[in-house]
>>> print(open('model.cif').read())   # mmCIF, C-alpha atoms
data_entry
loop_
_atom_site.group_PDB
_atom_site.id
_atom_site.type_symbol
_atom_site.label_atom_id
_atom_site.label_comp_id
_atom_site.auth_asym_id
_atom_site.auth_seq_id
_atom_site.Cartn_x
_atom_site.Cartn_y
_atom_site.Cartn_z
ATOM 1 C CA THR A 1 11.933 61.930 12.181
ATOM 2 C CA MET A 2 10.813 61.349 8.629
ATOM 3 C CA ALA A 3 12.085 64.800 7.595
ATOM 4 C CA GLY A 4 15.479 64.169 9.199
ATOM 5 C CA SER A 5 15.812 60.754 7.572
ATOM 6 C CA GLY A 6 14.881 62.210 4.207
ATOM 7 C CA ALA A 7 17.475 64.963 4.542
ATOM 8 C CA THR A 8 20.147 62.433 5.542
ATOM 9 C CA LEU A 9 19.281 60.182 2.607
ATOM 10 C CA SER A 10 19.344 63.148 0.245
ATOM 11 C CA LEU A 11 22.781 64.173 1.552
ATOM 12 C CA LEU A 12 24.142 60.649 1.123
ATOM 13 C CA GLU A 13 22.793 60.439 -2.421
ATOM 14 C CA SER A 14 24.324 63.826 -3.210
ATOM 15 C CA ARG A 15 27.709 62.683 -1.911
ATOM 16 C CA ARG A 16 27.535 59.446 -3.884
ATOM 17 C CA ALA A 17 26.644 61.393 -7.033
ATOM 18 C CA SER A 18 29.535 63.753 -6.384
ATOM 19 C CA ARG A 19 31.944 60.828 -5.954
ATOM 20 C CA ARG A 20 30.701 59.215 -9.181
ATOM 21 C CA PHE A 21 31.134 62.505 -10.983
ATOM 22 C CA ASP A 22 34.711 62.872 -9.690
ATOM 23 C CA GLU A 23 35.500 59.269 -10.661
ATOM 24 C CA ILE A 24 34.244 59.828 -14.218
ATOM 25 C CA ARG A 25 36.129 63.113 -14.355
ATOM 26 C CA GLY A 26 39.370 61.427 -13.305
ATOM 27 C CA LEU A 27 38.860 58.515 -15.677
ATOM 28 C CA SER A 28 38.153 60.801 -18.613
ATOM 29 C CA HIS A 29 41.313 62.790 -17.938
ATOM 30 C CA TYR A 30 43.342 59.596 -17.541
ATOM 31 C CA LEU A 31 42.131 58.225 -20.879
ATOM 32 C CA ILE A 32 42.721 61.410 -22.876
ATOM 33 C CA PHE A 33 45.959 62.639 -21.341
ATOM 34 C CA ASP A 34 47.728 59.548 -19.983
ATOM 35 C CA THR A 35 46.524 56.379 -21.683
ATOM 36 C CA TYR A 36 46.387 57.858 -25.179
ATOM 37 C CA ASP A 37 49.854 59.411 -24.892
ATOM 38 C CA GLY A 38 51.262 56.145 -23.612
ATOM 39 C CA MET A 39 49.992 54.312 -26.704
ATOM 40 C CA ALA A 40 50.691 56.979 -29.323
ATOM 41 C CA SER A 41 54.112 55.637 -30.312
ATOM 42 C CA LEU A 42 53.159 51.949 -30.315
ATOM 43 C CA PRO A 43 53.038 50.378 -33.808
ATOM 44 C CA GLY A 44 49.579 49.235 -34.835
ATOM 45 C CA SER A 45 47.873 50.963 -31.921
ATOM 46 C CA ALA A 46 45.492 53.120 -33.969
ATOM 47 C CA PRO A 47 42.394 50.895 -33.439
ATOM 48 C CA LEU A 48 42.984 50.802 -29.692
ATOM 49 C CA ARG A 49 43.607 54.562 -29.591
ATOM 50 C CA ARG A 50 40.327 55.122 -31.420
ATOM 51 C CA ALA A 51 38.540 52.989 -28.843
ATOM 52 C CA VAL A 52 40.136 54.929 -25.984
ATOM 53 C CA VAL A 53 39.150 58.244 -27.546
ATOM 54 C CA ALA A 54 35.572 57.064 -28.165
ATOM 55 C CA LYS A 55 35.191 55.996 -24.534
ATOM 56 C CA ALA A 56 36.729 59.253 -23.304
ATOM 57 C CA GLN A 57 34.277 61.195 -25.447
ATOM 58 C CA GLN A 58 31.354 59.364 -23.860
ATOM 59 C CA TYR A 59 32.636 60.274 -20.405
ATOM 60 C CA LEU A 60 33.206 63.882 -21.427
ATOM 61 C CA ASP A 61 29.720 64.254 -22.844
ATOM 62 C CA ARG A 62 28.304 62.927 -19.596
ATOM 63 C CA LEU A 63 30.462 65.310 -17.553
ATOM 64 C CA ALA A 64 29.375 68.252 -19.687
ATOM 65 C CA ARG A 65 25.720 67.437 -19.003
ATOM 66 C CA ASP A 66 26.228 67.114 -15.241
ATOM 67 C CA ALA A 67 28.831 69.837 -14.616
ATOM 68 C CA GLY A 68 26.449 72.465 -13.276
ATOM 69 C CA ASP A 69 27.540 76.104 -13.004
ATOM 70 C CA ASP A 70 31.124 75.672 -11.770
ATOM 71 C CA PRO A 71 33.252 77.795 -14.171
ATOM 72 C CA SER A 72 36.527 76.087 -13.229
ATOM 73 C CA LEU A 73 35.054 72.658 -13.930
ATOM 74 C CA ALA A 74 33.512 73.881 -17.190
ATOM 75 C CA ALA A 75 36.888 75.240 -18.310
ATOM 76 C CA GLU A 76 38.498 71.901 -17.440
ATOM 77 C CA ILE A 77 35.930 70.013 -19.527
ATOM 78 C CA ALA A 78 36.500 72.436 -22.412
ATOM 79 C CA ASP A 79 40.240 71.776 -22.167
ATOM 80 C CA SER A 80 39.569 68.045 -22.408
ATOM 81 C CA TYR A 81 37.386 68.549 -25.499
ATOM 82 C CA PHE A 82 40.199 70.634 -26.978
ATOM 83 C CA ARG A 83 42.675 67.837 -26.306
ATOM 84 C CA LEU A 84 40.240 65.349 -27.833
ATOM 85 C CA GLY A 85 40.001 67.463 -30.972
ATOM 86 C CA MET A 86 43.780 67.606 -31.253
ATOM 87 C CA VAL A 87 44.230 63.826 -31.110
ATOM 88 C CA LEU A 88 41.295 63.213 -33.445
ATOM 89 C CA GLY A 89 42.483 65.324 -36.335
ATOM 90 C CA TYR A 90 44.868 68.249 -35.810
ATOM 91 C CA PRO A 91 47.223 68.088 -38.807
ATOM 92 C CA TYR A 92 50.568 69.134 -37.298
ATOM 93 C CA GLN A 93 50.826 66.226 -34.870
ATOM 94 C CA THR A 94 50.095 62.497 -34.751
ATOM 95 C CA ASN A 95 46.313 62.117 -34.974
ATOM 96 C CA LEU A 96 43.584 59.632 -35.848
ATOM 97 C CA GLY A 97 42.642 61.265 -39.151
ATOM 98 C CA ASP A 98 39.106 62.162 -38.063
ATOM 99 C CA THR A 99 38.801 65.769 -39.229
ATOM 100 C CA PRO A 100 34.992 66.024 -38.739
ATOM 101 C CA GLY A 101 35.364 64.564 -35.245
ATOM 102 C CA ALA A 102 38.142 67.037 -34.453
ATOM 103 C CA LEU A 103 35.972 69.962 -35.505
ATOM 104 C CA ALA A 104 33.029 68.629 -33.484
ATOM 105 C CA SER A 105 35.183 68.412 -30.350
ATOM 106 C CA MET A 106 36.599 71.903 -30.892
ATOM 107 C CA GLU A 107 33.052 73.205 -31.301
ATOM 108 C CA LYS A 108 32.063 71.636 -27.975
ATOM 109 C CA ALA A 109 35.054 73.298 -26.310
ATOM 110 C CA ARG A 110 34.148 76.630 -27.894
ATOM 111 C CA THR A 111 30.494 76.306 -26.865
ATOM 112 C CA ILE A 112 31.589 75.946 -23.240
ATOM 113 C CA LEU A 113 34.239 78.680 -23.290
ATOM 114 C CA GLU A 114 32.374 81.450 -25.123
ATOM 115 C CA PRO A 115 29.767 82.136 -22.393
ATOM 116 C CA LEU A 116 32.497 81.830 -19.744
ATOM 117 C CA ALA A 117 34.613 84.446 -21.525
ATOM 118 C CA ARG A 118 31.624 86.811 -21.637
ATOM 119 C CA LYS A 119 30.711 86.206 -17.998
ATOM 120 C CA PHE A 120 34.252 86.384 -16.612
ATOM 121 C CA PRO A 121 36.188 88.870 -18.779
ATOM 122 C CA GLU A 122 38.749 89.313 -16.017
ATOM 123 C CA ARG A 123 39.828 85.657 -16.302
ATOM 124 C CA THR A 124 42.330 86.056 -19.090
ATOM 125 C CA GLN A 125 43.145 82.335 -19.187
ATOM 126 C CA ILE A 126 39.628 81.625 -20.436
ATOM 127 C CA ALA A 127 40.141 84.080 -23.294
ATOM 128 C CA ALA A 128 43.519 82.475 -24.067
ATOM 129 C CA SER A 129 41.947 79.005 -24.149
ATOM 130 C CA LEU A 130 39.115 80.180 -26.395
ATOM 131 C CA SER A 131 41.570 81.827 -28.777
ATOM 132 C CA SER A 132 43.573 78.605 -28.895
ATOM 133 C CA VAL A 133 40.438 76.676 -29.872
ATOM 134 C CA TYR A 134 39.720 79.123 -32.682
ATOM 135 C CA ARG A 135 43.325 78.914 -33.925
ATOM 136 C CA ARG A 136 43.180 75.124 -34.162
ATOM 137 C CA GLU A 137 39.772 75.254 -35.794
ATOM 138 C CA ALA A 138 41.168 77.614 -38.430
ATOM 139 C CA ILE A 139 43.915 75.135 -39.322
ATOM 140 C CA ILE A 140 41.611 72.104 -39.321
ATOM 141 C CA LEU A 141 39.151 73.940 -41.570
ATOM 142 C CA THR A 142 41.872 74.367 -44.193
ATOM 143 C CA ARG A 143 41.997 70.563 -44.387
ATOM 144 C CA GLN A 144 38.316 70.587 -45.261
ATOM 145 C CA ASP A 145 38.897 73.300 -47.863
ATOM 146 C CA ARG A 146 36.584 75.789 -46.145
ATOM 147 C CA PRO A 147 38.489 79.037 -46.706
ATOM 148 C CA GLN A 148 36.062 81.671 -45.446
ATOM 149 C CA GLU A 149 35.260 79.767 -42.258
ATOM 150 C CA SER A 150 38.976 79.219 -41.673
ATOM 151 C CA VAL A 151 39.753 82.917 -42.102
ATOM 152 C CA ASP A 152 36.844 83.893 -39.839
ATOM 153 C CA ALA A 153 38.037 81.533 -37.083
ATOM 154 C CA ALA A 154 41.600 82.878 -37.311
ATOM 155 C CA ARG A 155 40.443 86.473 -37.092
ATOM 156 C CA GLN A 156 38.224 85.648 -34.135
ATOM 157 C CA ALA A 157 41.232 84.126 -32.366
ATOM 158 C CA VAL A 158 42.996 87.486 -32.666
ATOM 159 C CA ALA A 159 39.963 89.554 -31.664
ATOM 160 C CA ILE A 160 39.433 87.561 -28.464
ATOM 161 C CA LEU A 161 42.935 88.316 -27.195
ATOM 162 C CA ALA A 162 43.210 91.980 -28.092
ATOM 163 C CA PRO A 163 41.179 93.279 -25.106
ATOM 164 C CA SER A 164 43.114 91.163 -22.585
ATOM 165 C CA ARG A 165 46.452 92.302 -23.994
ATOM 166 C CA GLN A 166 45.411 95.951 -23.720
ATOM 167 C CA SER A 167 44.605 95.387 -20.051
ATOM 168 C CA ALA A 168 48.115 94.028 -19.433
ATOM 169 C CA PRO A 169 50.304 95.038 -22.386
ATOM 170 C CA LEU A 170 53.548 93.970 -20.737
ATOM 171 C CA ASP A 171 52.513 90.392 -19.997
ATOM 172 C CA ALA A 172 54.835 88.100 -21.968
ATOM 173 C CA GLN A 173 52.486 85.121 -22.216
ATOM 174 C CA ARG A 174 49.555 87.185 -23.430
ATOM 175 C CA SER A 175 51.755 88.833 -26.032
ATOM 176 C CA LEU A 176 52.992 85.429 -27.166
ATOM 177 C CA ASP A 177 49.423 84.132 -27.425
ATOM 178 C CA LEU A 178 48.393 87.164 -29.473
ATOM 179 C CA ALA A 179 51.413 86.815 -31.757
ATOM 180 C CA SER A 180 50.526 83.138 -32.297
ATOM 181 C CA ALA A 181 46.968 84.083 -33.244
ATOM 182 C CA GLN A 182 48.226 86.737 -35.667
ATOM 183 C CA LEU A 183 50.645 84.222 -37.170
ATOM 184 C CA ILE A 184 47.853 81.698 -37.773
ATOM 185 C CA ALA A 185 45.701 84.452 -39.319
ATOM 186 C CA GLY A 186 48.531 85.203 -41.740
ATOM 187 C CA MET A 187 49.099 81.549 -42.582
ATOM 188 C CA VAL A 188 45.416 80.965 -43.283
ATOM 189 C CA GLU A 189 45.161 84.060 -45.495
ATOM 190 C CA ASP A 190 48.222 82.926 -47.471
ATOM 191 C CA TRP A 191 46.706 79.450 -47.866
ATOM 192 C CA ARG A 192 43.427 80.916 -49.149
ATOM 193 C CA ALA A 193 45.236 83.242 -51.554
ATOM 194 C CA THR A 194 47.472 80.480 -52.901
ATOM 195 C CA GLU A 195 44.990 77.635 -53.133
ATOM 196 C CA HIS A 196 41.948 79.653 -54.202
ATOM 197 C CA HIS A 197 43.666 82.373 -56.229
ATOM 198 C CA TRP A 198 42.284 85.059 -53.934
ATOM 199 C CA MET A 199 44.808 87.829 -54.599
ATOM 200 C CA PRO A 200 43.672 90.176 -51.767
ATOM 201 C CA GLY A 201 44.562 87.356 -49.388
ATOM 202 C CA PHE A 202 48.286 87.888 -49.929
ATOM 203 C CA GLU A 203 48.090 91.466 -48.688
ATOM 204 C CA ALA A 204 45.968 90.362 -45.725
ATOM 205 C CA ALA A 205 48.496 87.625 -44.942
ATOM 206 C CA LEU A 206 51.383 90.103 -44.918
ATOM 207 C CA PHE A 207 49.394 92.418 -42.660
ATOM 208 C CA TRP A 208 48.797 89.725 -40.032
ATOM 209 C CA LEU A 209 52.340 88.358 -40.226
ATOM 210 C CA ARG A 210 53.805 91.837 -39.722
ATOM 211 C CA GLN A 211 51.447 92.352 -36.803
ATOM 212 C CA SER A 212 52.742 89.113 -35.301
ATOM 213 C CA ARG A 213 56.351 90.213 -35.795
ATOM 214 C CA ASN A 214 55.635 93.594 -34.209
ATOM 215 C CA THR A 215 53.927 91.980 -31.226
ATOM 216 C CA LEU A 216 56.910 89.694 -30.673
ATOM 217 C CA GLU A 217 59.479 92.433 -31.021
ATOM 218 C CA ALA A 218 57.627 94.621 -28.512
ATOM 219 C CA MET A 219 57.058 91.969 -25.871
ATOM 220 C CA PRO A 220 59.149 91.865 -22.703
ATOM 221 C CA ARG A 221 61.678 89.100 -22.113
ATOM 222 C CA GLU A 222 60.957 88.194 -18.519
ATOM 223 C CA ARG A 223 63.009 84.971 -18.537
ATOM 224 C CA ASP A 224 65.570 83.294 -20.731
ATOM 225 C CA ARG A 225 62.815 80.918 -21.886
ATOM 226 C CA ASP A 226 60.760 83.900 -23.071
ATOM 227 C CA SER A 227 63.697 85.076 -25.162
ATOM 228 C CA ARG A 228 64.211 81.629 -26.707
ATOM 229 C CA ASN A 229 60.517 81.146 -27.456
ATOM 230 C CA THR A 230 60.250 84.620 -28.931
ATOM 231 C CA THR A 231 63.351 84.197 -31.096
ATOM 232 C CA VAL A 232 62.105 80.894 -32.500
ATOM 233 C CA MET A 233 58.691 82.345 -33.201
ATOM 234 C CA ILE A 234 60.147 85.429 -34.898
ATOM 235 C CA GLY A 235 62.075 83.066 -37.161
ATOM 236 C CA THR A 236 58.846 81.225 -37.954
ATOM 237 C CA VAL A 237 57.080 84.505 -38.750
ATOM 238 C CA TYR A 238 59.865 85.483 -41.151
ATOM 239 C CA GLN A 239 59.612 82.083 -42.829
ATOM 240 C CA ASN A 240 55.924 82.715 -43.438
ATOM 241 C CA LEU A 241 56.594 86.247 -44.669
ATOM 242 C CA ARG A 242 59.080 84.731 -47.126
ATOM 243 C CA ASP A 243 56.594 82.109 -48.284
ATOM 244 C CA THR A 244 53.794 84.659 -48.714
ATOM 245 C CA GLU A 245 55.934 87.011 -50.801
ATOM 246 C CA ARG A 246 57.160 84.092 -52.896
ATOM 247 C CA ASN A 247 53.651 82.705 -53.378
ATOM 248 C CA TRP A 248 52.397 86.147 -54.363
ATOM 249 C CA GLY A 249 55.169 86.474 -56.910
ATOM 250 C CA ASP A 250 54.466 83.012 -58.303
ATOM 251 C CA ALA A 251 50.726 83.713 -58.525
ATOM 252 C CA THR A 252 51.058 87.061 -60.311
ATOM 253 C CA GLY A 253 54.370 86.729 -62.120
ATOM 254 C CA ASP A 254 55.470 89.970 -60.455
ATOM 255 C CA PRO A 255 59.219 89.704 -59.672
ATOM 256 C CA ARG A 256 59.060 92.552 -57.159
ATOM 257 C CA HIS A 257 57.912 90.084 -54.498
ATOM 258 C CA TYR A 258 61.059 87.968 -54.671
ATOM 259 C CA GLU A 259 63.424 90.562 -53.212
ATOM 260 C CA PRO A 260 61.486 90.970 -49.948
ATOM 261 C CA ALA A 261 61.172 87.162 -49.867
ATOM 262 C CA LEU A 262 64.962 86.938 -49.960
ATOM 263 C CA LEU A 263 65.296 89.511 -47.170
ATOM 264 C CA ASP A 264 62.786 87.596 -45.045
ATOM 265 C CA GLU A 265 64.778 84.418 -45.652
ATOM 266 C CA ARG A 266 67.892 86.128 -44.282
ATOM 267 C CA GLU A 267 66.023 87.351 -41.215
ATOM 268 C CA SER A 268 64.689 83.855 -40.633
ATOM 269 C CA LEU A 269 68.138 82.310 -40.833
ATOM 270 C CA SER A 270 69.479 84.973 -38.484
ATOM 271 C CA ALA A 271 66.744 84.252 -35.918
ATOM 272 C CA PHE A 272 67.428 80.496 -35.924
ATOM 273 C CA ARG A 273 71.203 80.867 -35.807
#
>>> encode(input="model.cif", output="structure tokens")
Amino acid sequence: TMAGSGATLSLLESRRASRRFDEIRGLSHYLIFDTYDGMASLPGSAPLRRAVVAKAQQYLDRLARDAGDDPSLAAEIADSYFRLGMVLGYPYQTNLGDTPGALASMEKARTILEPLARKFPERTQIAASLSSVYRREAIILTRQDRPQESVDAARQAVAILAPSRQSAPLDAQRSLDLASAQLIAGMVEDWRATEHHWMPGFEAALFWLRQSRNTLEAMPRERDRDSRNTTVMIGTVYQNLRDTERNWGDATGDPRHYEPALLDERESLSAFR
């Protein structure tokens, strides 16, 4: 019948569209995670890497439009946008030097993850991913000399994780994520205080860094890897405590900050020993 033929044709078209979607999804992932990484260490590959990233972004934008209401797929697309932002312009790794492009990709990831985090509060991985986006945004914003936006992003990264940690306070990974967010909040406050002569920022930086240290010291060590990761991160926190005290002393001429800086230096060396 005409109705049966129409239904069959509609089903075939739906399957073809689904296959095309999956092909684009796989190709986008291959470009961002496999092809780009394979070229990253090749001399003179920057123009080709830019071309790969541009094509991957086109695929991602198309996927985002056609993804529908599948939360797992949406989270996967957000993760790819996050990865795209990292390779475009995250400062602490090899990148393409495109800071505006990095921020735009992080914003796309955040736009996808924020409604998911509100709709599925029990999915703690979504909150962790969203916090990670905010942490990277905070660092990238320092490169654009946007202090208030950077501080706001860092604080939001902490706020997102606090409810999930309270629901499972003994979870090592959640504690580590929260400590990382607190560390970034402290680093950003110290940067604002030092570069923009915002003296209250030093006190705020010390607050967040001590919160990070306390979170790390309280977290369980479920595996040897947890202990190693925690020890390294505690050393990093003490390094930042040292730098903040030293910067505060340099900015104000107050020598009282140098003694705690020296103590933090000793703790840092002890952690890395």
>>> closest_residue(input="model.cif", among="A:Glu259, A:Asp61, A:Glu245, A:Asp254", to="Ala109 in chain A", atoms="all atoms listed in the file")
A:Asp61
>>> closest_residue(input="model.cif", among="A:Thr215, A:Ser180, A:Ser150, A:Ser129", to="Ala75 in chain A", atoms="only C-alpha atoms")
A:Ser129
>>> atom_distance(input="model.cif", atom1="CA of Phe120 in chain A", atom2="CA of Asp70 in chain A")
12.2 Å
>>> residues_around(input="model.cif", residues="Asn229 in chain A", least_positions_apart="6", cutoff="12 Å", atoms="all atoms listed in the file", output="PDB file with C-alpha atoms, in the frame of the given file")
ATOM      1  CA  ALA A 172      54.835  88.100 -21.968  1.00  0.00           C
ATOM      2  CA  GLN A 173      52.486  85.121 -22.216  1.00  0.00           C
ATOM      3  CA  SER A 175      51.755  88.833 -26.032  1.00  0.00           C
ATOM      4  CA  LEU A 176      52.992  85.429 -27.166  1.00  0.00           C
ATOM      5  CA  ASP A 177      49.423  84.132 -27.425  1.00  0.00           C
ATOM      6  CA  ALA A 179      51.413  86.815 -31.757  1.00  0.00           C
ATOM      7  CA  SER A 180      50.526  83.138 -32.297  1.00  0.00           C
ATOM      8  CA  LEU A 216      56.910  89.694 -30.673  1.00  0.00           C
ATOM      9  CA  GLU A 217      59.479  92.433 -31.021  1.00  0.00           C
ATOM     10  CA  MET A 219      57.058  91.969 -25.871  1.00  0.00           C
ATOM     11  CA  PRO A 220      59.149  91.865 -22.703  1.00  0.00           C
ATOM     12  CA  ARG A 221      61.678  89.100 -22.113  1.00  0.00           C
ATOM     13  CA  GLU A 222      60.957  88.194 -18.519  1.00  0.00           C
ATOM     14  CA  ARG A 223      63.009  84.971 -18.537  1.00  0.00           C
ATOM     15  CA  GLY A 235      62.075  83.066 -37.161  1.00  0.00           C
ATOM     16  CA  THR A 236      58.846  81.225 -37.954  1.00  0.00           C
ATOM     17  CA  ALA A 271      66.744  84.252 -35.918  1.00  0.00           C
ATOM     18  CA  PHE A 272      67.428  80.496 -35.924  1.00  0.00           C
TER      19      PHE A 272
END
>>> closest_residue(input="model.cif", among="A:Lys108, A:Arg228, A:Arg210, A:Arg65", to="Arg273 in chain A", atoms="only C-alpha atoms")
A:Arg228
>>> residues_around(input="model.cif", residues="Leu206 in chain A", least_positions_apart="3", cutoff="7 Å", atoms="all atoms listed in the file", output="ChimeraX atom specification")
/A:186,202-203,209-210,241
>>> write_last_selection(input="model.cif", atoms="C-alpha atoms", output="mmCIF file, keeping the file's coordinate frame")
data_model
loop_
_atom_site.group_PDB
_atom_site.id
_atom_site.type_symbol
_atom_site.label_atom_id
_atom_site.label_comp_id
_atom_site.auth_asym_id
_atom_site.auth_seq_id
_atom_site.Cartn_x
_atom_site.Cartn_y
_atom_site.Cartn_z
ATOM 1 C CA GLY A 186 48.531 85.203 -41.740
ATOM 2 C CA PHE A 202 48.286 87.888 -49.929
ATOM 3 C CA GLU A 203 48.090 91.466 -48.688
ATOM 4 C CA LEU A 209 52.340 88.358 -40.226
ATOM 5 C CA ARG A 210 53.805 91.837 -39.722
ATOM 6 C CA LEU A 241 56.594 86.247 -44.669
#
>>> residues_around(input="model.cif", residues="Met106 in chain A", least_positions_apart="4", cutoff="8 Å", atoms="only C-alpha atoms", output="PyMOL selection string")
chain A and resi 81-82+85+102+110+133+137
>>> resolve_selection(input="model.cif", expression="the PyMOL selection byres ((chain A and resi 135) around 10)", output="compact mmCIF listing (two decimals) with C-alpha atoms, in the coordinates of the input")
# COMPACT_ATOMS: atom_id res chain seq x y z
CA SER A 129 41.95 79.00 -24.15
CA LEU A 130 39.12 80.18 -26.40
CA SER A 131 41.57 81.83 -28.78
CA SER A 132 43.57 78.60 -28.90
CA VAL A 133 40.44 76.68 -29.87
CA TYR A 134 39.72 79.12 -32.68
CA ARG A 136 43.18 75.12 -34.16
CA GLU A 137 39.77 75.25 -35.79
CA ALA A 138 41.17 77.61 -38.43
CA ILE A 139 43.92 75.14 -39.32
CA ILE A 140 41.61 72.10 -39.32
CA SER A 150 38.98 79.22 -41.67
CA VAL A 151 39.75 82.92 -42.10
CA ALA A 153 38.04 81.53 -37.08
CA ALA A 154 41.60 82.88 -37.31
CA ARG A 155 40.44 86.47 -37.09
CA GLN A 156 38.22 85.65 -34.14
CA ALA A 157 41.23 84.13 -32.37
CA VAL A 158 43.00 87.49 -32.67
CA SER A 180 50.53 83.14 -32.30
CA ALA A 181 46.97 84.08 -33.24
CA GLN A 182 48.23 86.74 -35.67
CA LEU A 183 50.64 84.22 -37.17
CA ILE A 184 47.85 81.70 -37.77
CA ALA A 185 45.70 84.45 -39.32
CA VAL A 188 45.42 80.96 -43.28
>>> closest_residue(input="model.cif", among="A:Arg146, A:Arg49, A:His257, A:Arg242", to="Leu96 in chain A", atoms="all atoms listed in the file")
A:Arg49
>>> atom_distance(input="model.cif", atom1="CA of Val237 in chain A", atom2="CA of Leu113 in chain A")
28.2 Å
>>> residues_around(input="model.cif", residues="Gln239 in chain A", least_positions_apart="3", cutoff="10 Å", atoms="all atoms listed in the file", output="list in words")
Leu209, Met233, Ile234, Gly235, Thr236, Arg242, Asp243, Thr244, Ala261, Asp264, Glu265, Arg266, Glu267, Ser268 and Leu269 of chain A
>>> residues_around(input="model.cif", residues="Ala54 in chain A", least_positions_apart="3", cutoff="12 Å", atoms="all atoms listed in the file", output="PyMOL selection string")
chain A and resi 28+31-32+36+47-51+57-61+81+84-85+87-88+96+98+101+105
>>> closest_residue(input="model.cif", among="A:Thr94, A:Gln148, A:Ser80, A:Asn214", to="Glu189 in chain A", atoms="only C-alpha atoms")
A:Gln148
>>> atom_distance(input="model.cif", atom1="CA of Thr111 in chain A", atom2="CA of Gly201 in chain A")
28.8 Å
>>> closest_residue(input="model.cif", among="A:Arg123, A:Arg174, A:Arg192, A:Arg62", to="Asp152 in chain A", atoms="only C-alpha atoms")
A:Arg192
>>> build_atoms(input="model.cif", residues="range 53-69 of chain A", atoms="N, CA and C atoms", output="short mmCIF file (atom, residue, chain, number, x, y, z; two decimals), keeping the file's coordinate frame")
data_model
loop_
_atom_site.label_atom_id
_atom_site.label_comp_id
_atom_site.auth_asym_id
_atom_site.auth_seq_id
_atom_site.Cartn_x
_atom_site.Cartn_y
_atom_site.Cartn_z
N VAL A 53 39.70 56.91 -27.30
CA VAL A 53 39.15 58.24 -27.55
C VAL A 53 37.62 58.21 -27.55
N ALA A 54 37.04 57.18 -28.14
CA ALA A 54 35.57 57.06 -28.16
C ALA A 54 35.01 56.95 -26.75
N LYS A 55 35.66 56.14 -25.92
CA LYS A 55 35.19 56.00 -24.53
C LYS A 55 35.37 57.30 -23.77
N ALA A 56 36.50 57.97 -23.97
CA ALA A 56 36.73 59.25 -23.30
C ALA A 56 35.68 60.28 -23.71
N GLN A 57 35.29 60.25 -24.97
CA GLN A 57 34.28 61.20 -25.45
C GLN A 57 32.94 60.94 -24.77
N GLN A 58 32.60 59.69 -24.57
CA GLN A 58 31.35 59.36 -23.86
C GLN A 58 31.39 59.94 -22.45
N TYR A 59 32.51 59.74 -21.76
CA TYR A 59 32.64 60.27 -20.40
C TYR A 59 32.55 61.80 -20.40
N LEU A 60 33.22 62.42 -21.36
CA LEU A 60 33.21 63.88 -21.43
C LEU A 60 31.80 64.42 -21.67
N ASP A 61 31.08 63.81 -22.57
CA ASP A 61 29.72 64.25 -22.84
C ASP A 61 28.85 64.14 -21.59
N ARG A 62 29.06 63.09 -20.84
CA ARG A 62 28.30 62.93 -19.60
C ARG A 62 28.70 64.00 -18.58
N LEU A 63 30.00 64.27 -18.47
CA LEU A 63 30.46 65.31 -17.55
C LEU A 63 29.88 66.67 -17.93
N ALA A 64 29.87 66.96 -19.23
CA ALA A 64 29.38 68.25 -19.69
C ALA A 64 27.90 68.44 -19.32
N ARG A 65 27.14 67.36 -19.36
CA ARG A 65 25.72 67.44 -19.00
C ARG A 65 25.52 67.67 -17.51
N ASP A 66 26.43 67.11 -16.70
CA ASP A 66 26.23 67.11 -15.24
C ASP A 66 27.11 68.13 -14.51
N ALA A 67 27.82 68.98 -15.24
CA ALA A 67 28.83 69.84 -14.62
C ALA A 67 28.25 70.95 -13.77
N GLY A 68 27.02 71.37 -14.05
CA GLY A 68 26.45 72.46 -13.28
C GLY A 68 27.04 73.81 -13.68
N ASP A 69 27.14 74.73 -12.71
CA ASP A 69 27.54 76.10 -13.00
C ASP A 69 28.96 76.43 -12.54
#
